Protein chains: 2
Amino acid sequence: MINFEYYAPTKIFFGKDTQKDVGKIIKNYGYKKILLHFGGGSVKKSGLYDQVVESLKNSNIDFVELGGVEANPKVSLVRIGAELCKKENIELVLAVGGGSVIDSAKVIASSAVTTIDPWEFSSKMETPKKALPVGTILTLSASGSEMSSSAVLTNEDGLLKRGYNSEFNRPLFSILNPELTYTVNQFQTGCGIVDIMMHTLERYFTITKKVDLTDHIAEGLLISVINAGEVAIKNPEDYEARATLMWAGSLSHNDLTGVGGDVFMACHQIEHELSGIYDFVAHGAGLSIIFPAWAKFVYKYNVEKFCQYAVRVWNIEMNFENPQETALKGIIATENYFKSLNMPVRLSELNISDEKFEEMAIKCTFWGERVLPDYIPLDKKEIIEILELCK
Amino acid sequence: MINFEYYAPTKIFFGKDTQKDVGKIIKNYGYKKILLHFGGGSVKKSGLYDQVVESLKNSNIDFVELGGVEANPKVSLVRIGAELCKKENIELVLAVGGGSVIDSAKVIASSAVTTIDPWEFSSKMETPKKALPVGTILTLSASGSEMSSSAVLTNEDGLLKRGYNSEFNRPLFSILNPELTYTVNQFQTGCGIVDIMMHTLERYFTITKKVDLTDHIAEGLLISVINAGEVAIKNPEDYEARATLMWAGSLSHNDLTGVGGDVFMACHQIEHELSGIYDFVAHGAGLSIIFPAWAKFVYKYNVEKFCQYAVRVWNIEMNFENPQETALKGIIATENYFKSLNMPVRLSELNISDEKFEEMAIKCTFWGERVLPDYIPLDKKEIIEILELCK
């Protein structure tokens, strides 16, 4: 176990009808004027927008609106949001939506109190020194952004997708009502399940030895998500399954499932290049393709951890004479599970050829400026090999 | 799963040598004058006191000292501490020690900003509205007070031990260096292991159905603690084992292992009466006696949960024809584990007879004013029956 800091200060309001308290919650914090930030029309169609507005009005919270956040949120909208906050003296940014809306809100909150351009944060050229507080009402169990320190934006110039971590990215509060995810369709539900699992898996597959407690917590979370995922795909209105996914999504990315170990997030790094170039690739779908390929490429450099994963998470019997077989069975079980969620596990399913593998690999190494740390270092050559396994 | 709020804002600095940063940490928060609160001579003997003082001086943090906290911390010292804080314009209370010191610091912090007597908080007659921030340097893995919202005090008049929960009890930061627990003797280590397990077990045995994710996290934590406990008892200087116990202690009482379920904490309530009357009974030793008795008394009212516990935590084979047998085996496995830590599992081992069972039961029902909620309600009669099983 290595030294670590753990800081997950976001206050969670979890359960049925909690979104109706948003006005009261903001009032209790003493804020009076907020930016109401959301995506497309779905929050209006579902009636959530009306509920939020009613709750805000009942508590005399003044608000300015900014909708229009797209999947893979764009820096251009963040610039507009930051200016709006300055002009309107906004005190808190309330994100109503999924990870894209929350990430957009986070960077708006950091940019609203400075003259630094938001992309400077995303590209890690600058570090936020302060930020407006962010509150969230979550409508999609996936990104974990509602408790995490990370935010990812896309820059339309250059098709770059970049993320940064900052304590200022931790939301002040997050309202989590699993019922708000009933209307999430099967594909998006599947993407969310993969994303949640991946936030834990990328921490779980650390090179650090002896992270027994964190491992056990991660394994327990994965088993719960696997079980709940099966149910939620079949019955989108199963409260308990949706609740498990929602809470697991928050815990999976608040560092709990990774503390004490070195974290790489290699699959996420590679996926960012994939969905950065192919905007139609949902993050979860990209990850469900990349993880099995990544695992098949690296498992032989840490067979024991992949065996532990296979045995404890997938209940695969340990083959003591041939541990590699056990390790591989765990990877195949994961791939099969992703398939059972109707998620793609090969690029060909998305009609993506190998023509941009080199471009993705180059971008992922920041044009030769970094090698991804992993069980073996992942340079351009290795990233291309992993992408080849995605074909 | 029931609706819940989750709020664990304490910033954790975990690992080797972290105590040496305490001055810098406090300075970063902007505080300049603190109360340095500790127990007996052990922090001076171990050299920790000197390290803390050096770190504070290096960062120009002014401090006033108040030592002398005893096990089962007394309200009389808290009164002195609160007056001292007022007189000296203290900005933060730094607790260096175990749960007793931290609990004492918490109530001092709440009492220092009001004229309300500390016992009014402990006896739940008054609720804190504000408090000084509390920081901790933990020297004993047990109470979880370093991340929890609870504080327990003893009132020497009447031998009452009472606790209360408040968000103001959550420490601002906690410094957790497992090496500081190397010198904790075998008995206190055993007490700590029991206490950590009990904070999770009392949440785990909820009447609420379908808390699958929380259950899995709780089970993973218990397995890790059971394994690490065995190691730490044999080799007190095993860093990984001490680290697992320390982090598990914090997570066990910060609500993570209980969210989504109704929590009773019946064993804790009964134990408070035991160590309230018999001051020599360490909290963990009291719990290692009461839990097996409580479990044997209530398990037949929730056989399935006790089976799940036996199978998942203790790896006991499920007897599908006779689930009660499986359930009981899990309880016996726990009792045997406590014994293996050299913890008492019967009151007779502590030379405590049944003469005060009635008094304890009456106090535990607040002189007839409450019945403990549980799988069946625990009134005076049932509490005495549980105590009879402790003989």
# chains A, B, ... in the order shown; residues from 1 in each chain; ligands from 1
>>> select_by_dssp(residues="stretch 231-272 of chain A", states="helix (DSSP H, G or I)", output="MDAnalysis selection string")
chainID A and resid 231:234 239:252 266:272
>>> closest_atom_pairs(of="chain B", to="chain A", cutoff="6 Å", atoms="only C-alpha atoms", output="JSON lines")
{"residue": "B:Asn3", "atom": "CA", "partner": "A:Gly15", "partner_atom": "CA", "distance": 4.3}
{"residue": "B:Phe4", "atom": "CA", "partner": "A:Phe14", "partner_atom": "CA", "distance": 5.2}
{"residue": "B:Glu5", "atom": "CA", "partner": "A:Phe13", "partner_atom": "CA", "distance": 4.7}
{"residue": "B:Tyr6", "atom": "CA", "partner": "A:Ile12", "partner_atom": "CA", "distance": 4.9}
{"residue": "B:Tyr7", "atom": "CA", "partner": "A:Lys11", "partner_atom": "CA", "distance": 4.7}
{"residue": "B:Ala8", "atom": "CA", "partner": "A:Pro9", "partner_atom": "CA", "distance": 5.9}
{"residue": "B:Pro9", "atom": "CA", "partner": "A:Pro9", "partner_atom": "CA", "distance": 3.7}
{"residue": "B:Lys11", "atom": "CA", "partner": "A:Tyr7", "partner_atom": "CA", "distance": 4.7}
{"residue": "B:Ile12", "atom": "CA", "partner": "A:Tyr6", "partner_atom": "CA", "distance": 4.9}
{"residue": "B:Phe13", "atom": "CA", "partner": "A:Glu5", "partner_atom": "CA", "distance": 4.7}
{"residue": "B:Phe14", "atom": "CA", "partner": "A:Phe4", "partner_atom": "CA", "distance": 5.2}
{"residue": "B:Gly15", "atom": "CA", "partner": "A:Asn3", "partner_atom": "CA", "distance": 4.3}
{"residue": "B:Leu213", "atom": "CA", "partner": "A:Ser224", "partner_atom": "CA", "distance": 5.4}
{"residue": "B:His216", "atom": "CA", "partner": "A:Gly220", "partner_atom": "CA", "distance": 4.6}
{"residue": "B:Ile217", "atom": "CA", "partner": "A:Ile217", "partner_atom": "CA", "distance": 5.1}
{"residue": "B:Gly220", "atom": "CA", "partner": "A:His216", "partner_atom": "CA", "distance": 4.6}
{"residue": "B:Ser224", "atom": "CA", "partner": "A:Leu213", "partner_atom": "CA", "distance": 5.4}
>>> residues_around(residues="A:Glu358", least_positions_apart="6", cutoff="10 Å", atoms="only C-alpha atoms", output="ChimeraX atom specification")
/A:364,380-381,383-384,387
>>> write_last_selection(atoms="N, CA and C atoms", output="PDB file, in the first residue's frame")
ATOM      1  N   CYS A 364      -2.210   9.997 -28.240  1.00  0.00           N
ATOM      2  CA  CYS A 364      -2.263   9.450 -26.888  1.00  0.00           C
ATOM      3  C   CYS A 364      -0.910   9.575 -26.179  1.00  0.00           C
ATOM      4  N   LYS A 380       3.843   4.419 -28.297  1.00  0.00           N
ATOM      5  CA  LYS A 380       3.063   4.396 -29.547  1.00  0.00           C
ATOM      6  C   LYS A 380       2.902   2.967 -30.078  1.00  0.00           C
ATOM      7  N   LYS A 381       3.994   2.224 -30.094  1.00  0.00           N
ATOM      8  CA  LYS A 381       3.985   0.861 -30.638  1.00  0.00           C
ATOM      9  C   LYS A 381       2.993  -0.034 -29.881  1.00  0.00           C
ATOM     10  N   ILE A 383       0.486   0.884 -27.966  1.00  0.00           N
ATOM     11  CA  ILE A 383      -0.893   1.371 -28.097  1.00  0.00           C
ATOM     12  C   ILE A 383      -1.476   0.871 -29.429  1.00  0.00           C
ATOM     13  N   ILE A 384      -0.658   0.908 -30.469  1.00  0.00           N
ATOM     14  CA  ILE A 384      -1.137   0.386 -31.755  1.00  0.00           C
ATOM     15  C   ILE A 384      -1.426  -1.116 -31.651  1.00  0.00           C
ATOM     16  N   LEU A 387      -4.705  -1.481 -30.046  1.00  0.00           N
ATOM     17  CA  LEU A 387      -5.766  -1.125 -31.003  1.00  0.00           C
ATOM     18  C   LEU A 387      -5.966  -2.238 -32.037  1.00  0.00           C
TER      19      LEU A 387
END
>>> residues_around(residues="B:Val298", least_positions_apart="2", cutoff="12 Å", atoms="only C-alpha atoms", output="PyMOL selection string")
chain B and resi 205-207+266-267+291-296+300-303+305-306+324+327-328+331+373-378+382-383+385-386+389
>>> closest_residue(among="B:Ala282, B:Ile90, B:Leu341, B:Leu180", to="B:Gly47", atoms="only C-alpha atoms")
B:Leu180
>>> residues_around(residues="stretch 71-82 of chain B", least_positions_apart="4", cutoff="8 Å", atoms="only C-alpha atoms", output="mmCIF file with C-alpha atoms, in the first residue's frame")
data_model
loop_
_atom_site.group_PDB
_atom_site.id
_atom_site.type_symbol
_atom_site.label_atom_id
_atom_site.label_comp_id
_atom_site.auth_asym_id
_atom_site.auth_seq_id
_atom_site.Cartn_x
_atom_site.Cartn_y
_atom_site.Cartn_z
ATOM 1 C CA LEU B 66 -4.425 19.859 27.327
ATOM 2 C CA LYS B 86 -12.532 30.376 24.940
ATOM 3 C CA SER B 100 -11.153 8.763 23.445
ATOM 4 C CA VAL B 101 -8.959 11.751 22.700
ATOM 5 C CA ASP B 103 -14.213 12.206 21.048
ATOM 6 C CA SER B 104 -13.096 14.508 23.827
ATOM 7 C CA ALA B 105 -11.754 16.965 21.223
ATOM 8 C CA VAL B 107 -17.148 17.845 22.272
ATOM 9 C CA ILE B 108 -14.619 20.490 23.325
ATOM 10 C CA ALA B 109 -14.852 21.931 19.791
ATOM 11 C CA SER B 111 -18.665 23.491 23.565
ATOM 12 C CA ALA B 112 -15.981 26.114 22.955
ATOM 13 C CA ASP B 117 -22.692 22.549 28.986
ATOM 14 C CA PRO B 118 -21.059 19.643 27.087
ATOM 15 C CA TRP B 119 -23.220 17.042 28.775
ATOM 16 C CA VAL B 152 -19.159 9.377 23.221
ATOM 17 C CA LEU B 153 -18.498 10.777 26.691
ATOM 18 C CA THR B 154 -18.816 9.432 30.216
ATOM 19 C CA ASN B 155 -20.383 11.449 33.024
ATOM 20 C CA GLU B 156 -18.751 10.530 36.316
ATOM 21 C CA LYS B 161 -21.868 6.844 28.958
ATOM 22 C CA ASP B 279 -15.087 1.422 33.897
ATOM 23 C CA ALA B 282 -12.583 -1.745 27.344
#
>>> select_by_dssp(residues="stretch 122-154 of chain A", states="strand (DSSP E or B)", output="MDAnalysis selection string")
chainID A and resid 134:138 150:154
>>> residues_around(residues="A:Lys44", least_positions_apart="5", cutoff="12 Å", atoms="only C-alpha atoms", output="PyMOL selection string")
chain A and resi 38-39+49-53+67-68+96-97
>>> write_last_selection(atoms="C-alpha atoms", output="compact mmCIF listing (two decimals), in the first residue's frame")
# COMPACT_ATOMS: atom_id res chain seq x y z
CA PHE A 38 -28.32 21.11 -18.66
CA GLY A 39 -28.15 19.27 -21.95
CA TYR A 49 -36.78 20.57 -15.52
CA ASP A 50 -40.19 21.67 -14.26
CA GLN A 51 -39.63 19.99 -10.91
CA VAL A 52 -36.27 21.71 -10.49
CA VAL A 53 -37.61 25.11 -11.47
CA GLY A 67 -28.75 24.35 -21.85
CA GLY A 68 -27.26 22.65 -24.86
CA VAL A 96 -28.89 18.71 -14.16
CA GLY A 97 -27.92 15.74 -16.29
>>> residues_around(residues="A:Val93", least_positions_apart="5", cutoff="8 Å", atoms="only C-alpha atoms", output="mmCIF file with N, CA and C atoms, in the first residue's frame")
data_model
loop_
_atom_site.group_PDB
_atom_site.id
_atom_site.type_symbol
_atom_site.label_atom_id
_atom_site.label_comp_id
_atom_site.auth_asym_id
_atom_site.auth_seq_id
_atom_site.Cartn_x
_atom_site.Cartn_y
_atom_site.Cartn_z
ATOM 1 N N ILE A 34 -28.119 31.156 -9.081
ATOM 2 C CA ILE A 34 -27.371 30.029 -9.645
ATOM 3 C C ILE A 34 -27.472 29.981 -11.166
ATOM 4 N N LEU A 35 -26.534 29.247 -11.754
ATOM 5 C CA LEU A 35 -26.642 28.904 -13.175
ATOM 6 C C LEU A 35 -27.239 27.506 -13.269
ATOM 7 N N LEU A 36 -28.340 27.394 -13.996
ATOM 8 C CA LEU A 36 -28.985 26.090 -14.198
ATOM 9 C C LEU A 36 -28.485 25.547 -15.533
ATOM 10 N N HIS A 37 -27.681 24.491 -15.453
ATOM 11 C CA HIS A 37 -26.954 23.999 -16.624
ATOM 12 C C HIS A 37 -27.477 22.615 -16.987
ATOM 13 N N ALA A 105 -20.183 21.823 -16.261
ATOM 14 C CA ALA A 105 -20.445 22.717 -15.119
ATOM 15 C C ALA A 105 -19.182 22.941 -14.289
ATOM 16 N N LYS A 106 -18.411 21.880 -14.100
ATOM 17 C CA LYS A 106 -17.190 22.003 -13.294
ATOM 18 C C LYS A 106 -16.211 22.996 -13.915
ATOM 19 N N ILE A 108 -16.885 25.323 -16.118
ATOM 20 C CA ILE A 108 -17.495 26.657 -16.032
ATOM 21 C C ILE A 108 -17.218 27.260 -14.655
ATOM 22 N N ALA A 109 -17.408 26.449 -13.618
ATOM 23 C CA ALA A 109 -17.247 26.953 -12.242
ATOM 24 C C ALA A 109 -15.826 27.425 -11.976
ATOM 25 N N LEU A 132 -16.375 28.413 -8.353
ATOM 26 C CA LEU A 132 -17.709 28.461 -7.762
ATOM 27 C C LEU A 132 -18.073 27.047 -7.311
ATOM 28 N N PRO A 133 -18.939 26.921 -6.311
ATOM 29 C CA PRO A 133 -19.401 25.582 -5.951
ATOM 30 C C PRO A 133 -20.313 25.009 -7.046
ATOM 31 N N VAL A 134 -20.274 23.689 -7.169
ATOM 32 C CA VAL A 134 -21.121 22.986 -8.142
ATOM 33 C C VAL A 134 -22.053 22.043 -7.394
ATOM 34 N N GLY A 135 -23.316 22.058 -7.769
ATOM 35 C CA GLY A 135 -24.259 21.047 -7.272
ATOM 36 C C GLY A 135 -24.723 20.226 -8.464
#
>>> closest_residue(among="A:Glu317, A:Glu70, A:Glu388, A:Glu91", to="A:Tyr29", atoms="only C-alpha atoms")
A:Glu91
>>> closest_residue(among="A:Pro323, A:His283, A:Trp314, A:Asn60", to="A:Phe187", atoms="only C-alpha atoms")
A:His283
>>> decode(residues="stretch 161-253 of chain B", atoms="C-alpha atoms", output="PDB file, in the first residue's frame")
ATOM      1  CA  LYS B 161     -21.868   6.844  28.958  1.00  0.00           C
ATOM      2  CA  ARG B 162     -23.702   8.664  26.196  1.00  0.00           C
ATOM      3  CA  GLY B 163     -23.023   9.505  22.575  1.00  0.00           C
ATOM      4  CA  TYR B 164     -24.443  11.820  19.962  1.00  0.00           C
ATOM      5  CA  ASN B 165     -24.034  12.325  16.251  1.00  0.00           C
ATOM      6  CA  SER B 166     -23.547  15.655  14.558  1.00  0.00           C
ATOM      7  CA  GLU B 167     -22.083  16.816  11.293  1.00  0.00           C
ATOM      8  CA  PHE B 168     -19.953  19.148  13.416  1.00  0.00           C
ATOM      9  CA  ASN B 169     -18.273  16.048  14.798  1.00  0.00           C
ATOM     10  CA  ARG B 170     -16.712  15.206  11.420  1.00  0.00           C
ATOM     11  CA  PRO B 171     -13.032  16.114  11.659  1.00  0.00           C
ATOM     12  CA  LEU B 172     -11.668  18.567   9.107  1.00  0.00           C
ATOM     13  CA  PHE B 173      -8.672  16.324   8.520  1.00  0.00           C
ATOM     14  CA  SER B 174      -7.199  13.131   9.906  1.00  0.00           C
ATOM     15  CA  ILE B 175      -3.607  12.006   9.671  1.00  0.00           C
ATOM     16  CA  LEU B 176      -3.337   8.224   9.558  1.00  0.00           C
ATOM     17  CA  ASN B 177       0.105   6.687   9.829  1.00  0.00           C
ATOM     18  CA  PRO B 178      -0.152   2.933  10.488  1.00  0.00           C
ATOM     19  CA  GLU B 179       3.363   2.924  11.977  1.00  0.00           C
ATOM     20  CA  LEU B 180       2.039   4.926  14.933  1.00  0.00           C
ATOM     21  CA  THR B 181       0.037   1.842  15.929  1.00  0.00           C
ATOM     22  CA  TYR B 182       3.026  -0.544  16.055  1.00  0.00           C
ATOM     23  CA  THR B 183       3.331  -0.025  19.813  1.00  0.00           C
ATOM     24  CA  VAL B 184      -0.328  -0.759  20.538  1.00  0.00           C
ATOM     25  CA  ASN B 185      -0.265  -3.879  22.695  1.00  0.00           C
ATOM     26  CA  GLN B 186      -1.940  -7.148  21.844  1.00  0.00           C
ATOM     27  CA  PHE B 187      -4.985  -6.553  24.022  1.00  0.00           C
ATOM     28  CA  GLN B 188      -5.680  -3.073  22.683  1.00  0.00           C
ATOM     29  CA  THR B 189      -5.063  -4.299  19.136  1.00  0.00           C
ATOM     30  CA  GLY B 190      -7.638  -7.026  19.721  1.00  0.00           C
ATOM     31  CA  CYS B 191     -10.109  -4.517  21.145  1.00  0.00           C
ATOM     32  CA  GLY B 192      -9.602  -2.351  18.079  1.00  0.00           C
ATOM     33  CA  ILE B 193     -10.192  -5.216  15.661  1.00  0.00           C
ATOM     34  CA  VAL B 194     -13.447  -6.082  17.412  1.00  0.00           C
ATOM     35  CA  ASP B 195     -14.553  -2.461  17.449  1.00  0.00           C
ATOM     36  CA  ILE B 196     -13.834  -2.040  13.730  1.00  0.00           C
ATOM     37  CA  MET B 197     -15.697  -5.231  12.855  1.00  0.00           C
ATOM     38  CA  MET B 198     -18.611  -4.231  15.060  1.00  0.00           C
ATOM     39  CA  HIS B 199     -19.034  -0.826  13.430  1.00  0.00           C
ATOM     40  CA  THR B 200     -19.599  -2.662  10.175  1.00  0.00           C
ATOM     41  CA  LEU B 201     -21.486  -5.638  11.640  1.00  0.00           C
ATOM     42  CA  GLU B 202     -23.990  -3.447  13.456  1.00  0.00           C
ATOM     43  CA  ARG B 203     -24.758  -1.752  10.148  1.00  0.00           C
ATOM     44  CA  TYR B 204     -24.690  -4.996   8.166  1.00  0.00           C
ATOM     45  CA  PHE B 205     -27.346  -6.644  10.318  1.00  0.00           C
ATOM     46  CA  THR B 206     -30.072  -4.236   9.245  1.00  0.00           C
ATOM     47  CA  ILE B 207     -33.701  -5.147   8.724  1.00  0.00           C
ATOM     48  CA  THR B 208     -33.622  -3.405   5.344  1.00  0.00           C
ATOM     49  CA  LYS B 209     -33.667  -5.757   2.352  1.00  0.00           C
ATOM     50  CA  LYS B 210     -31.742  -5.264  -0.855  1.00  0.00           C
ATOM     51  CA  VAL B 211     -28.690  -3.367   0.226  1.00  0.00           C
ATOM     52  CA  ASP B 212     -26.564  -5.527  -2.034  1.00  0.00           C
ATOM     53  CA  LEU B 213     -23.803  -3.034  -2.792  1.00  0.00           C
ATOM     54  CA  THR B 214     -23.412  -1.918   0.805  1.00  0.00           C
ATOM     55  CA  ASP B 215     -23.456  -5.576   1.879  1.00  0.00           C
ATOM     56  CA  HIS B 216     -20.701  -6.495  -0.550  1.00  0.00           C
ATOM     57  CA  ILE B 217     -18.542  -3.579   0.567  1.00  0.00           C
ATOM     58  CA  ALA B 218     -19.132  -4.515   4.207  1.00  0.00           C
ATOM     59  CA  GLU B 219     -18.260  -8.163   3.558  1.00  0.00           C
ATOM     60  CA  GLY B 220     -15.084  -7.221   1.708  1.00  0.00           C
ATOM     61  CA  LEU B 221     -14.042  -4.968   4.560  1.00  0.00           C
ATOM     62  CA  LEU B 222     -14.743  -7.663   7.154  1.00  0.00           C
ATOM     63  CA  ILE B 223     -12.698 -10.266   5.275  1.00  0.00           C
ATOM     64  CA  SER B 224      -9.776  -7.853   5.021  1.00  0.00           C
ATOM     65  CA  VAL B 225      -9.966  -6.970   8.707  1.00  0.00           C
ATOM     66  CA  ILE B 226     -10.169 -10.631   9.760  1.00  0.00           C
ATOM     67  CA  ASN B 227      -7.064 -11.452   7.720  1.00  0.00           C
ATOM     68  CA  ALA B 228      -5.126  -8.358   8.763  1.00  0.00           C
ATOM     69  CA  GLY B 229      -6.130  -8.820  12.404  1.00  0.00           C
ATOM     70  CA  GLU B 230      -4.555 -12.261  12.531  1.00  0.00           C
ATOM     71  CA  VAL B 231      -1.316 -10.851  11.153  1.00  0.00           C
ATOM     72  CA  ALA B 232      -1.214  -7.755  13.369  1.00  0.00           C
ATOM     73  CA  ILE B 233      -1.737  -9.780  16.531  1.00  0.00           C
ATOM     74  CA  LYS B 234       1.215 -12.025  15.627  1.00  0.00           C
ATOM     75  CA  ASN B 235       3.453  -9.357  14.152  1.00  0.00           C
ATOM     76  CA  PRO B 236       2.627  -5.895  15.541  1.00  0.00           C
ATOM     77  CA  GLU B 237       5.023  -4.226  13.109  1.00  0.00           C
ATOM     78  CA  ASP B 238       3.510  -5.578   9.889  1.00  0.00           C
ATOM     79  CA  TYR B 239       2.866  -2.350   7.990  1.00  0.00           C
ATOM     80  CA  GLU B 240       0.285  -3.738   5.580  1.00  0.00           C
ATOM     81  CA  ALA B 241      -1.777  -5.368   8.324  1.00  0.00           C
ATOM     82  CA  ARG B 242      -1.680  -2.213  10.466  1.00  0.00           C
ATOM     83  CA  ALA B 243      -2.567  -0.140   7.383  1.00  0.00           C
ATOM     84  CA  THR B 244      -5.550  -2.334   6.564  1.00  0.00           C
ATOM     85  CA  LEU B 245      -6.848  -2.083  10.131  1.00  0.00           C
ATOM     86  CA  MET B 246      -6.371   1.680  10.199  1.00  0.00           C
ATOM     87  CA  TRP B 247      -8.155   2.427   6.930  1.00  0.00           C
ATOM     88  CA  ALA B 248     -10.859  -0.147   7.662  1.00  0.00           C
ATOM     89  CA  GLY B 249     -11.420   1.520  11.025  1.00  0.00           C
ATOM     90  CA  SER B 250     -12.102   4.835   9.334  1.00  0.00           C
ATOM     91  CA  LEU B 251     -14.366   3.379   6.640  1.00  0.00           C
ATOM     92  CA  SER B 252     -16.233   1.218   9.142  1.00  0.00           C
ATOM     93  CA  HIS B 253     -17.672   4.180  10.984  1.00  0.00           C
TER      94      HIS B 253
END
